[in-house]
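**Q** Submitted below is the structure of interest, expressed as structure tokens.
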Amino acid sequence: MSNMRDEFIGALRMNFKANIEKHRVNAENIMCNSVGIGEHGDVMDEIEKELSFMSDYSDKLEMLDYFEAEVGSNKTVLKG
């Protein structure tokens, strides 16, 4: 990595991917072992929550890719 900007982008990318994987594992665990969420009565709701977290991090990863490719350090997000 050549500069701090690249370091931040790389760290964010790893963080978003790790969180997607964490919530995928949680969803798999709920689906395969619903006893693990005994304090939660609605298994489907818990699975949906995990999928929502995955979607949020996936959206962030997509925006980071856009930011890196389209915005760049010398570009502006909005052009009048």
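Starting from 1 in every chain, residues are counted up; chains themselves are A, B, ... following the order of the structure tokens, and ligands are numbered from 1 as listed.
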If we count only C-alpha atoms, what is near Arg24 of chain A at a cut-off of 12 Å, once residues fewer than 2 positions away on the same chain are taken out, given as a ChimeraX atom specification?

**A** /A:17-22,26-31,47-55,57-58

**Q** Write the residues of the preceding selection, restricted to C-alpha atoms, as a PDB file, in the first residue's frame.

**A**
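Written output follows (again-v1.pdb):
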ATOM      1  CA  LYS A  17     -15.879  -8.700   4.569  1.00  0.00           C
ATOM      2  CA  ALA A  18     -15.233 -10.008   8.083  1.00  0.00           C
ATOM      3  CA  ASN A  19     -18.572  -8.685   9.297  1.00  0.00           C
ATOM      4  CA  ILE A  20     -20.389 -10.255   6.344  1.00  0.00           C
ATOM      5  CA  GLU A  21     -18.790 -13.584   7.215  1.00  0.00           C
ATOM      6  CA  LYS A  22     -19.584 -13.195  10.930  1.00  0.00           C
ATOM      7  CA  ASN A  26     -24.622 -16.547  12.756  1.00  0.00           C
ATOM      8  CA  ALA A  27     -27.427 -17.121  10.231  1.00  0.00           C
ATOM      9  CA  GLU A  28     -26.134 -20.624   9.472  1.00  0.00           C
ATOM     10  CA  ASN A  29     -25.946 -21.385  13.182  1.00  0.00           C
ATOM     11  CA  ILE A  30     -29.512 -20.221  13.734  1.00  0.00           C
ATOM     12  CA  MET A  31     -30.780 -22.290  10.800  1.00  0.00           C
ATOM     13  CA  ILE A  47     -32.367 -14.991  10.597  1.00  0.00           C
ATOM     14  CA  GLU A  48     -33.771 -11.896   8.900  1.00  0.00           C
ATOM     15  CA  LYS A  49     -31.777  -9.666  11.267  1.00  0.00           C
ATOM     16  CA  GLU A  50     -28.557 -11.473  10.388  1.00  0.00           C
ATOM     17  CA  LEU A  51     -29.321 -11.181   6.664  1.00  0.00           C
ATOM     18  CA  SER A  52     -30.008  -7.482   7.144  1.00  0.00           C
ATOM     19  CA  PHE A  53     -26.598  -7.018   8.775  1.00  0.00           C
ATOM     20  CA  MET A  54     -25.000  -8.874   5.855  1.00  0.00           C
ATOM     21  CA  SER A  55     -26.822  -6.656   3.380  1.00  0.00           C
ATOM     22  CA  TYR A  57     -22.049  -4.528   5.087  1.00  0.00           C
ATOM     23  CA  SER A  58     -22.354  -5.656   1.472  1.00  0.00           C
TER      24      SER A  58
END

**Q** Out of A:Ser34, A:Glu7, A:Phe16, A:Met63, which residue has the shortest atom-to-atom distance to Glu46 of chain A when counting only C-alpha atoms?

**A**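 Among the listed residues, the smallest separation from Glu46 of chain A belongs to A:Ser34.
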
**Q** Report, in Å with one decimal, the straight-line distance from atom CA of His23 of chain A to atom CA of Glu68 of chain A.

**A**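 Here the two named atoms are 24.9 Å from each other.
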
**Q** Between atom CA of Asn3 of chain A and atom CA of Asp65 of chain A, what distance in Å does the model show, to one decimal?

**A**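 Separation between atom CA of Asn3 of chain A and atom CA of Asp65 of chain A: 17.1 Å.
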
**Q** Can you tell me how far atom CA of Asn33 of chain A sits from atom CA of Asp59 of chain A, in Å to one decimal?

**A**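 Between these atoms lies a distance of 27.9 Å.
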
**Q** Assign secondary structure with DSSP using the backbone only, and return the residues of segment 11-72 of chain A in alpha helix (DSSP H) as an mmCIF file with C-alpha atoms, in the first residue's frame.

**A**
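Writing done, so here's part.cif:
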data_model
loop_
_atom_site.group_PDB
_atom_site.id
_atom_site.type_symbol
_atom_site.label_atom_id
_atom_site.label_comp_id
_atom_site.auth_asym_id
_atom_site.auth_seq_id
_atom_site.Cartn_x
_atom_site.Cartn_y
_atom_site.Cartn_z
ATOM 1 C CA ALA A 11 -8.737 -1.926 6.406
ATOM 2 C CA LEU A 12 -12.352 -0.993 5.705
ATOM 3 C CA ARG A 13 -12.599 -3.661 2.996
ATOM 4 C CA MET A 14 -11.295 -6.352 5.373
ATOM 5 C CA ASN A 15 -13.628 -5.163 8.144
ATOM 6 C CA PHE A 16 -16.722 -5.225 5.910
ATOM 7 C CA LYS A 17 -15.879 -8.700 4.569
ATOM 8 C CA ALA A 18 -15.233 -10.008 8.083
ATOM 9 C CA ASN A 19 -18.572 -8.685 9.297
ATOM 10 C CA ILE A 20 -20.389 -10.255 6.344
ATOM 11 C CA GLU A 21 -18.790 -13.584 7.215
ATOM 12 C CA LYS A 22 -19.584 -13.195 10.930
ATOM 13 C CA HIS A 23 -23.272 -12.641 10.237
ATOM 14 C CA ARG A 24 -23.353 -15.450 7.631
ATOM 15 C CA VAL A 25 -22.031 -17.842 10.282
ATOM 16 C CA ASN A 26 -24.622 -16.547 12.756
ATOM 17 C CA ALA A 27 -27.427 -17.121 10.231
ATOM 18 C CA GLU A 28 -26.134 -20.624 9.472
ATOM 19 C CA ASN A 29 -25.946 -21.385 13.182
ATOM 20 C CA ILE A 30 -29.512 -20.221 13.734
ATOM 21 C CA MET A 31 -30.780 -22.290 10.800
ATOM 22 C CA CYS A 32 -28.903 -25.435 11.823
ATOM 23 C CA VAL A 43 -36.262 -17.833 14.648
ATOM 24 C CA MET A 44 -37.235 -16.363 11.276
ATOM 25 C CA ASP A 45 -36.940 -12.851 12.683
ATOM 26 C CA GLU A 46 -33.442 -13.598 13.979
ATOM 27 C CA ILE A 47 -32.367 -14.991 10.597
ATOM 28 C CA GLU A 48 -33.771 -11.896 8.900
ATOM 29 C CA LYS A 49 -31.777 -9.666 11.267
ATOM 30 C CA GLU A 50 -28.557 -11.473 10.388
ATOM 31 C CA LEU A 51 -29.321 -11.181 6.664
ATOM 32 C CA SER A 52 -30.008 -7.482 7.144
ATOM 33 C CA PHE A 53 -26.598 -7.018 8.775
ATOM 34 C CA MET A 54 -25.000 -8.874 5.855
ATOM 35 C CA SER A 55 -26.822 -6.656 3.380
ATOM 36 C CA ASP A 56 -25.701 -3.494 5.187
ATOM 37 C CA TYR A 57 -22.049 -4.528 5.087
ATOM 38 C CA SER A 58 -22.354 -5.656 1.472
ATOM 39 C CA ASP A 59 -23.748 -2.229 0.558
ATOM 40 C CA LYS A 60 -20.852 -0.573 2.385
ATOM 41 C CA LEU A 61 -18.372 -2.768 0.523
ATOM 42 C CA GLU A 62 -19.999 -1.853 -2.793
ATOM 43 C CA MET A 63 -19.861 1.854 -1.929
ATOM 44 C CA LEU A 64 -16.211 1.529 -0.911
ATOM 45 C CA ASP A 65 -15.429 -0.010 -4.314
ATOM 46 C CA TYR A 66 -17.275 2.861 -6.000
#
